[in-house]
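Asker: Questions regarding the structure given below will be posed in turn.
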Amino acid sequence: MKATFPGGHLIESSKNRSNYCHPLSASRLAAYLCLFLSLLFLIAGCAASHSYVEKVVESSAEAEPAWVTIHRSGRFVGIGDDRSKRIARQNAEKEILAQIAREIGIELSVQSSFEKLETDAGISSRTSIQVKEFSNALIHDINTKITYSYWEHCRAKIGKRKYNDFYRYYVCADVDDGFIKSLRDKTLRENERRMEQIDIHLNSARKILSQPTIEANSAIRECVQAIVLSTSLFYGRQSAIDEALFELIDLLQSIQIITDSTYSEVRPEHHEIDYRILYRGSPVSGAKLGFKLLNGNGYLPQPRLTDAGGHVSCNLNRITSQIGDNRLLAFFNIEEFLPLLERISMMMQSDLLTEVERAAESSAKIDHFSTLAKRARVSAGSLRVAHVDWSYEGLFRRIDALNAIFYINEHNGRSVTFNRYHVNVTVWYEVLEGFFQPTMKWDVREGTYSLSDPVYLNYHSQIEVNLNHLPAIAGLINELKAEHEIWMREVKIDIKLQGYDDAENPQEVITTTNRMLWKSLLEK
């Protein structure tokens with residue numbers, strides 16, 4: 001048996017239904033089911049909304065005034081809710097301010113603008129007074145034109161046996177078109193004046209940054225002033241904030257902190273690292289540099305200001321003496337500007353403060369250093385024979401004494417005392433071998449001698465050493481000369497200073513002359 005399904009499709013009787021089902025019939029059944037569920041949820045929703053209705057339990061008038069719902073040109077109605085009747089009225093009045101603000105072209109609500117204008121910190125005192133006078137005049141004019149008010153004590157069911165009581169306040173202000181126009185003109189003039197002030201601050205910052213020596217804090221201050229003024233604009237606010245913020249971020253990201261001297265070991269009670277701050281290659285004066293130990297313990301100085309050349313030193317005191325990897329962070333300190341920027345950021349509900357802090361952190365410099373005990377490390381310059389005393393011995397000249405000059409430099413942070421020296425004198429001489437062909441050979445004499453006046457080298461310092469009247473070296477040269485006499489051609493002197501650093505570590509440093517012609521030595 002077959003039956004006709006609505007829509008003209010044929011299906012088999014129930015007897016054969018298990019064997020056959022048209023695919024279109026299944027989709028239609030699903031559609032009907034969805035429609036049924038939708039209707040069910042709609043009915044349930046209506047029932048639920050009906051169960052949690054809001055009702056008026058008391059009001060300031062027997063019937064709701066017509067002006068609440070019937071509006072006309074020049075009339076503004078503000079509505080405010082709160083548990084407190086007084087605050088509900090204040091919210092309603094603020095809503096009127098917001099409506100008038102939109103009418104006269106103010107970008108945000110007058111509520112926000114009014115709060116910003118009242119707390120217009122950071123502008124010049126003259127600007128603050130003008131802003132305050134303008135805002136007070138605006139609020140006063142609007143408040144005097146509130147013509148009607150009406151309130152309701154409302155109750156809303158929020159649960160099975162729970163209710164929420166609150167007040168709903170309505171206020172009405174009749175404002176003529178001439179008044180709106182005057183406010184619009186006043187707002188336009190005030191906005192233009194503030195835009196001019198913003199340009200003055202930004203141009204001043206750019207002028208500071210174009211100088212040979214940069215006063216970074218003054219430039220930052222000008223940019224922050226521009227941001228403060230930008231937040232008080234009535235329209236075009238965000239673009240002005242973005243421009244001023246861009247100038248500030250660009251300034252901070254262009255700051256560069258350079259380690260001007262490499263940290264080296266000194267006694268654990270005192271260390272020093274020198275820094276230099278630059279802005280695009282120009283020195284930054286009056287910039288505050290802060291310091292923080294990321295690893296290790298000790299006392300750091302308070303933030304310090306750079307000098308006219310952008311230099312500043314960090315004196316580290318009582319740094320842990322047995323840590324192999326101390327880490328010191330030097331950063332550009334802008335703490336004096338943070339409270340104001342934080343207030344602006346919160347007021348604007350923006351990430352302005354975070355952006356500024358990240359830009360300032362981008363120039364931070366980390367230095368690694370070890371306070372483990374180390375030896376002194378001394379380097380020496382070339383040895384130079386400055387003067388020679390000589391005399392004749394028979395037909396030949398002999399050297400009586402000579403003066404030696406060289407410099408030494410300590411790199412590792414420990415002072416050294418040298419109290420003796422070891423000398424090597426090397427001479428080159430010619431001999432005639434097979435077929436009288438000249439061959440160059442060499443000979444050496446050496447010895448170790450005490451210094452009558454020890455040489456003292458302070459840590460991280462360089463000195464010139466003058467060893468005057470050295471007969472011991474002259475004696476070594478004379479021994480070689482007596483043996484090789486007329487065949488001597490060249491001579492070379494090596495001096496090795498020997499002593500101890502202030503940690504009792506043995507120290508040696510070698511200085512040497514170039515190979516000199518024997519005759520040139522006698523001419524010194």
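Just remember, in the structure tokens the first chain shown is A, the second B, etc., residues are 1-based per chain, and ligands are 1-based in the order shown.
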Residues near segment 205-213 of chain A, anyone? I mean within 10 Å using only C-alpha atoms, not counting same-chain ones fewer than 4 positions away, as an mmCIF file with C-alpha atoms, in the first residue's frame.
Answerer:
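Generated output (around_15.cif):
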```cif
data_model
loop_
_atom_site.group_PDB
_atom_site.id
_atom_site.type_symbol
_atom_site.label_atom_id
_atom_site.label_comp_id
_atom_site.auth_asym_id
_atom_site.auth_seq_id
_atom_site.Cartn_x
_atom_site.Cartn_y
_atom_site.Cartn_z
ATOM 1 C CA ASP A 199 52.551 72.326 18.290
ATOM 2 C CA ILE A 200 54.641 74.687 20.440
ATOM 3 C CA HIS A 201 55.635 71.855 22.777
ATOM 4 C CA ASN A 217 64.817 65.226 29.901
ATOM 5 C CA SER A 218 63.774 68.642 28.607
ATOM 6 C CA ALA A 219 62.725 67.114 25.274
ATOM 7 C CA ILE A 220 60.799 64.332 27.070
ATOM 8 C CA ARG A 221 59.078 66.923 29.234
ATOM 9 C CA GLU A 222 57.918 68.836 26.158
ATOM 10 C CA CYS A 223 56.535 65.645 24.568
ATOM 11 C CA VAL A 224 54.686 64.708 27.773
ATOM 12 C CA ALA A 226 51.952 67.749 24.379
ATOM 13 C CA GLU A 247 57.674 61.817 19.076
ATOM 14 C CA LEU A 248 58.221 60.540 22.630
ATOM 15 C CA LEU A 251 63.099 59.876 21.231
ATOM 16 C CA LEU A 278 73.997 59.175 23.124
ATOM 17 C CA TYR A 279 71.027 60.294 21.057
ATOM 18 C CA ARG A 280 71.682 59.386 17.426
ATOM 19 C CA GLY A 281 75.385 59.893 18.003
ATOM 20 C CA SER A 282 75.081 63.159 19.969
ATOM 21 C CA PRO A 283 75.913 63.227 23.704
ATOM 22 C CA VAL A 284 72.950 63.449 26.084
ATOM 23 C CA SER A 285 73.455 65.779 29.051
ATOM 24 C CA ALA A 308 77.866 67.698 29.244
ATOM 25 C CA GLY A 309 79.648 64.929 27.329
ATOM 26 C CA GLY A 310 77.004 62.327 28.170
#
```
Asker: Find, counting only C-alpha atoms, the residue in A:Ala88, A:Ile100, A:Glu152, A:Ile405 that gets nearest to Ala61 of chain A.
Answerer: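 Of the candidates, the smallest distance to Ala61 of chain A is held by A:Glu152.
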Asker: Leaving out segment 342-347 of chain A and any residue of its chain fewer than 2 positions from it, which residues lie within 9 Å of it when counting only C-alpha atoms, given as a PyMOL selection string?
Answerer: chain A and resi 112+116+227-228+231+337-340+349-354
Asker: Please identify all polymer residues within 9 Å of segment 417-432 of chain A, counting only C-alpha atoms, omitting same-chain residues fewer than 4 positions from it, and present them as a compact mmCIF listing (two decimals) with N, CA, C and O atoms, in the first residue's frame.
Answerer:
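For reference, out-v8.txt as written:
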```txt
# COMPACT_ATOMS: atom_id res chain seq x y z
N PHE A 436 136.37 32.36 2.94
CA PHE A 436 136.22 33.69 3.53
C PHE A 436 134.83 34.30 3.30
O PHE A 436 134.68 35.50 3.12
N GLN A 437 133.83 33.43 3.32
CA GLN A 437 132.45 33.91 3.21
C GLN A 437 131.96 34.32 4.61
O GLN A 437 132.02 33.52 5.55
N PRO A 438 131.49 35.56 4.82
CA PRO A 438 131.01 35.99 6.15
C PRO A 438 129.70 35.28 6.53
O PRO A 438 128.79 35.15 5.71
N THR A 439 129.65 34.82 7.75
CA THR A 439 128.44 34.18 8.29
C THR A 439 128.05 34.89 9.58
O THR A 439 128.90 35.20 10.42
N MET A 440 126.73 35.18 9.73
CA MET A 440 126.23 35.88 10.93
C MET A 440 125.89 34.86 12.01
O MET A 440 125.17 33.89 11.78
N LYS A 441 126.46 35.09 13.21
CA LYS A 441 126.13 34.26 14.37
C LYS A 441 125.68 35.14 15.52
O LYS A 441 125.78 36.37 15.45
N TRP A 442 125.19 34.53 16.59
CA TRP A 442 124.72 35.32 17.73
C TRP A 442 125.21 34.71 19.04
O TRP A 442 125.54 33.54 19.14
N ASP A 443 125.24 35.55 20.06
CA ASP A 443 125.69 35.14 21.38
C ASP A 443 124.85 35.89 22.43
O ASP A 443 124.35 37.00 22.16
N VAL A 444 124.69 35.31 23.63
CA VAL A 444 123.78 35.85 24.65
C VAL A 444 124.50 35.89 26.00
O VAL A 444 125.27 34.99 26.35
N ARG A 445 124.20 36.94 26.78
CA ARG A 445 124.56 37.01 28.18
C ARG A 445 123.29 37.42 28.95
O ARG A 445 122.49 38.22 28.47
N GLU A 446 123.13 36.90 30.17
CA GLU A 446 121.95 37.23 30.95
C GLU A 446 122.28 37.29 32.43
O GLU A 446 123.29 36.73 32.89
N GLY A 447 121.38 37.95 33.18
CA GLY A 447 121.56 38.04 34.63
C GLY A 447 120.32 38.63 35.28
O GLY A 447 119.49 39.27 34.62
N THR A 448 120.16 38.42 36.60
CA THR A 448 119.04 38.94 37.37
C THR A 448 119.57 39.90 38.43
O THR A 448 120.52 39.57 39.16
N TYR A 449 118.89 41.08 38.59
CA TYR A 449 119.39 42.12 39.47
C TYR A 449 118.22 42.75 40.23
O TYR A 449 117.08 42.76 39.76
N SER A 450 118.53 43.28 41.39
CA SER A 450 117.52 43.98 42.21
C SER A 450 117.41 45.43 41.76
O SER A 450 118.38 46.02 41.28
N LEU A 451 116.20 45.96 41.95
CA LEU A 451 115.97 47.38 41.67
C LEU A 451 116.16 48.15 42.96
O LEU A 451 115.50 47.86 43.98
N SER A 452 117.05 49.11 42.95
CA SER A 452 117.27 49.90 44.17
C SER A 452 116.00 50.68 44.55
O SER A 452 115.69 50.84 45.73
N ASP A 453 115.23 51.14 43.54
CA ASP A 453 113.93 51.80 43.77
C ASP A 453 112.85 50.95 43.10
O ASP A 453 112.72 50.98 41.86
N PRO A 454 112.07 50.16 43.88
CA PRO A 454 111.03 49.31 43.28
C PRO A 454 110.06 50.14 42.43
O PRO A 454 109.78 51.31 42.70
N VAL A 455 109.56 49.50 41.38
CA VAL A 455 108.58 50.13 40.49
C VAL A 455 107.18 49.74 40.95
O VAL A 455 106.85 48.55 41.01
N TYR A 456 106.35 50.73 41.30
CA TYR A 456 104.97 50.47 41.77
C TYR A 456 103.98 50.89 40.69
O TYR A 456 104.03 52.02 40.19
N LEU A 457 103.09 49.98 40.33
CA LEU A 457 102.06 50.24 39.30
C LEU A 457 100.69 50.06 39.93
O LEU A 457 100.34 48.96 40.37
N ASN A 458 99.90 51.13 39.97
CA ASN A 458 98.55 51.05 40.54
C ASN A 458 97.60 50.36 39.55
O ASN A 458 97.86 50.32 38.34
N ALA A 472 124.85 47.13 35.37
CA ALA A 472 124.78 45.68 35.21
C ALA A 472 124.57 45.31 33.75
O ALA A 472 125.23 44.40 33.21
N ILE A 473 123.67 46.02 33.07
CA ILE A 473 123.42 45.74 31.66
C ILE A 473 124.65 46.10 30.83
O ILE A 473 125.05 45.39 29.90
N LEU A 476 127.15 43.28 30.91
CA LEU A 476 126.84 42.16 30.02
C LEU A 476 127.24 42.49 28.58
O LEU A 476 127.78 41.64 27.85
N ILE A 477 126.94 43.73 28.18
CA ILE A 477 127.29 44.14 26.80
C ILE A 477 128.81 44.12 26.62
O ILE A 477 129.33 43.66 25.59
N LEU A 480 130.31 40.65 26.01
CA LEU A 480 130.12 40.21 24.62
C LEU A 480 131.05 40.96 23.69
O LEU A 480 131.63 40.39 22.75
N LYS A 481 131.23 42.27 23.94
CA LYS A 481 132.08 43.07 23.06
C LYS A 481 133.55 42.62 23.17
O LYS A 481 134.27 42.57 22.18
N HIS A 484 133.88 39.41 21.06
CA HIS A 484 133.64 39.44 19.61
C HIS A 484 134.16 40.75 18.98
O HIS A 484 134.23 40.84 17.75
N GLU A 485 134.46 41.71 19.77
CA GLU A 485 135.05 42.99 19.45
C GLU A 485 134.68 43.53 18.05
O GLU A 485 133.55 43.93 17.84
N ILE A 486 135.67 43.48 17.10
CA ILE A 486 135.47 44.17 15.83
C ILE A 486 134.42 43.51 14.94
O ILE A 486 134.01 44.08 13.93
N TRP A 487 133.99 42.29 15.29
CA TRP A 487 133.01 41.61 14.43
C TRP A 487 131.55 41.90 14.82
O TRP A 487 130.65 41.46 14.15
N MET A 488 131.35 42.59 15.93
CA MET A 488 129.96 42.86 16.37
C MET A 488 129.25 43.77 15.39
O MET A 488 129.81 44.77 14.94
N ARG A 489 128.01 43.41 15.10
CA ARG A 489 127.21 44.19 14.15
C ARG A 489 125.93 44.76 14.78
O ARG A 489 125.59 45.90 14.57
N GLU A 490 125.19 43.93 15.52
CA GLU A 490 123.90 44.35 16.08
C GLU A 490 123.77 43.87 17.53
O GLU A 490 124.42 42.91 17.94
N VAL A 491 122.89 44.55 18.26
CA VAL A 491 122.66 44.19 19.66
C VAL A 491 121.16 44.37 19.97
O VAL A 491 120.49 45.24 19.39
N LYS A 492 120.66 43.54 20.89
CA LYS A 492 119.25 43.59 21.30
C LYS A 492 119.19 43.34 22.79
O LYS A 492 119.86 42.45 23.32
N ILE A 493 118.36 44.14 23.52
CA ILE A 493 118.26 44.04 24.98
C ILE A 493 116.82 43.68 25.35
O ILE A 493 115.87 44.31 24.87
N ASP A 494 116.65 42.67 26.20
CA ASP A 494 115.35 42.27 26.75
C ASP A 494 115.39 42.44 28.26
O ASP A 494 116.30 41.92 28.92
N ILE A 495 114.40 43.14 28.82
CA ILE A 495 114.29 43.30 30.27
C ILE A 495 112.97 42.68 30.73
O ILE A 495 111.90 42.99 30.18
N LYS A 496 113.03 41.80 31.72
CA LYS A 496 111.83 41.19 32.30
C LYS A 496 111.70 41.68 33.75
O LYS A 496 112.47 41.30 34.63
N LEU A 497 110.69 42.56 33.97
CA LEU A 497 110.42 43.02 35.34
C LEU A 497 109.78 41.86 36.12
O LEU A 497 108.91 41.16 35.60
N GLN A 498 110.12 41.72 37.38
CA GLN A 498 109.58 40.64 38.21
C GLN A 498 109.13 41.22 39.55
O GLN A 498 109.77 42.11 40.11
N GLY A 499 107.99 40.72 40.04
CA GLY A 499 107.46 41.20 41.32
C GLY A 499 106.19 40.45 41.69
O GLY A 499 105.96 39.32 41.23
N TYR A 500 105.33 41.11 42.51
CA TYR A 500 104.10 40.49 42.99
C TYR A 500 102.96 41.51 42.94
O TYR A 500 103.17 42.72 43.14
N ASP A 501 101.73 41.02 42.66
CA ASP A 501 100.57 41.92 42.73
C ASP A 501 100.07 41.95 44.17
O ASP A 501 100.62 41.28 45.05
N ASP A 502 99.00 42.74 44.41
CA ASP A 502 98.53 42.92 45.79
C ASP A 502 97.81 41.70 46.34
O ASP A 502 97.36 41.71 47.49
N GLN A 507 104.40 38.17 39.36
CA GLN A 507 104.15 38.90 38.13
C GLN A 507 105.44 39.07 37.34
O GLN A 507 106.52 39.30 37.92
N GLU A 508 105.34 38.95 36.03
CA GLU A 508 106.46 39.21 35.13
C GLU A 508 105.93 39.96 33.91
O GLU A 508 104.84 39.65 33.42
N ARG A 515 116.36 45.18 17.21
CA ARG A 515 117.78 44.93 16.92
C ARG A 515 118.42 46.25 16.46
O ARG A 515 117.98 46.86 15.49
N TRP A 518 125.34 48.21 16.33
CA TRP A 518 126.24 48.44 17.46
C TRP A 518 126.70 49.90 17.50
O TRP A 518 126.74 50.53 18.54
```
Asker: For Val56 of chain A, work out the shell of residues within 12 Å, counting only C-alpha atoms and skipping chain neighbours fewer than 2 positions away, then give it as JSON, numbers by chain.
Answerer: {"A": [53, 54, 58, 59, 60, 61, 62, 63, 64, 151, 152, 153, 154, 155, 156, 157, 164, 165, 166, 167, 168]}
Asker: DSSP says strand (DSSP E) for which residues of segment 339-373 of chain A? Put them as a ChimeraX atom specification?
Answerer: /A:365-369
Asker: Could you check how far atom CA of Lys162 of chain A sits from atom CA of Gln90 of chain A, in Å to one decimal?
Answerer: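 Answer for the atom CA of Lys162 of chain A to atom CA of Gln90 of chain A separation: 27.2 Å.
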Asker: Just give me the gap between atom CA of Phe234 of chain A and atom CA of Gly105 of chain A in Å, one decimal is fine.
Answerer: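 So the answer is 7.5 Å.
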Asker: Between atom CA of Tyr407 of chain A and atom CA of Ala474 of chain A, what is the spacing in Å?
Answerer: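 About the pair atom CA of Ala474 of chain A and atom CA of Tyr407 of chain A: they are 21.2 Å apart.
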Asker: Near Ala92 of chain A, counting only C-alpha atoms, which residues have an atom at most 8 Å away, once you skip same-chain residues fewer than 4 positions from it, shown as number ranges by chain?
Answerer: A: 78-81, 88, 96, 169-171
Asker: Please report, as an MDAnalysis selection string, each residue of segment 294-472 of chain A to which DSSP assigns alpha helix (DSSP H) when run on this structure's backbone.
Answerer: chainID A and resid 338:348 352:361 471:472
Asker: Just want the 8 Å neighbourhood of Thr147 of chain A, counted on only C-alpha atoms, with same-chain residues fewer than 3 positions away dropped. Output as a count of residues only.
Answerer: 4
Asker: Have a look at A:Ile249, A:Ile334, A:Leu341, A:Ala364 and name the one nearest to Gln225 of chain A; count only C-alpha atoms.
Answerer: A:Leu341
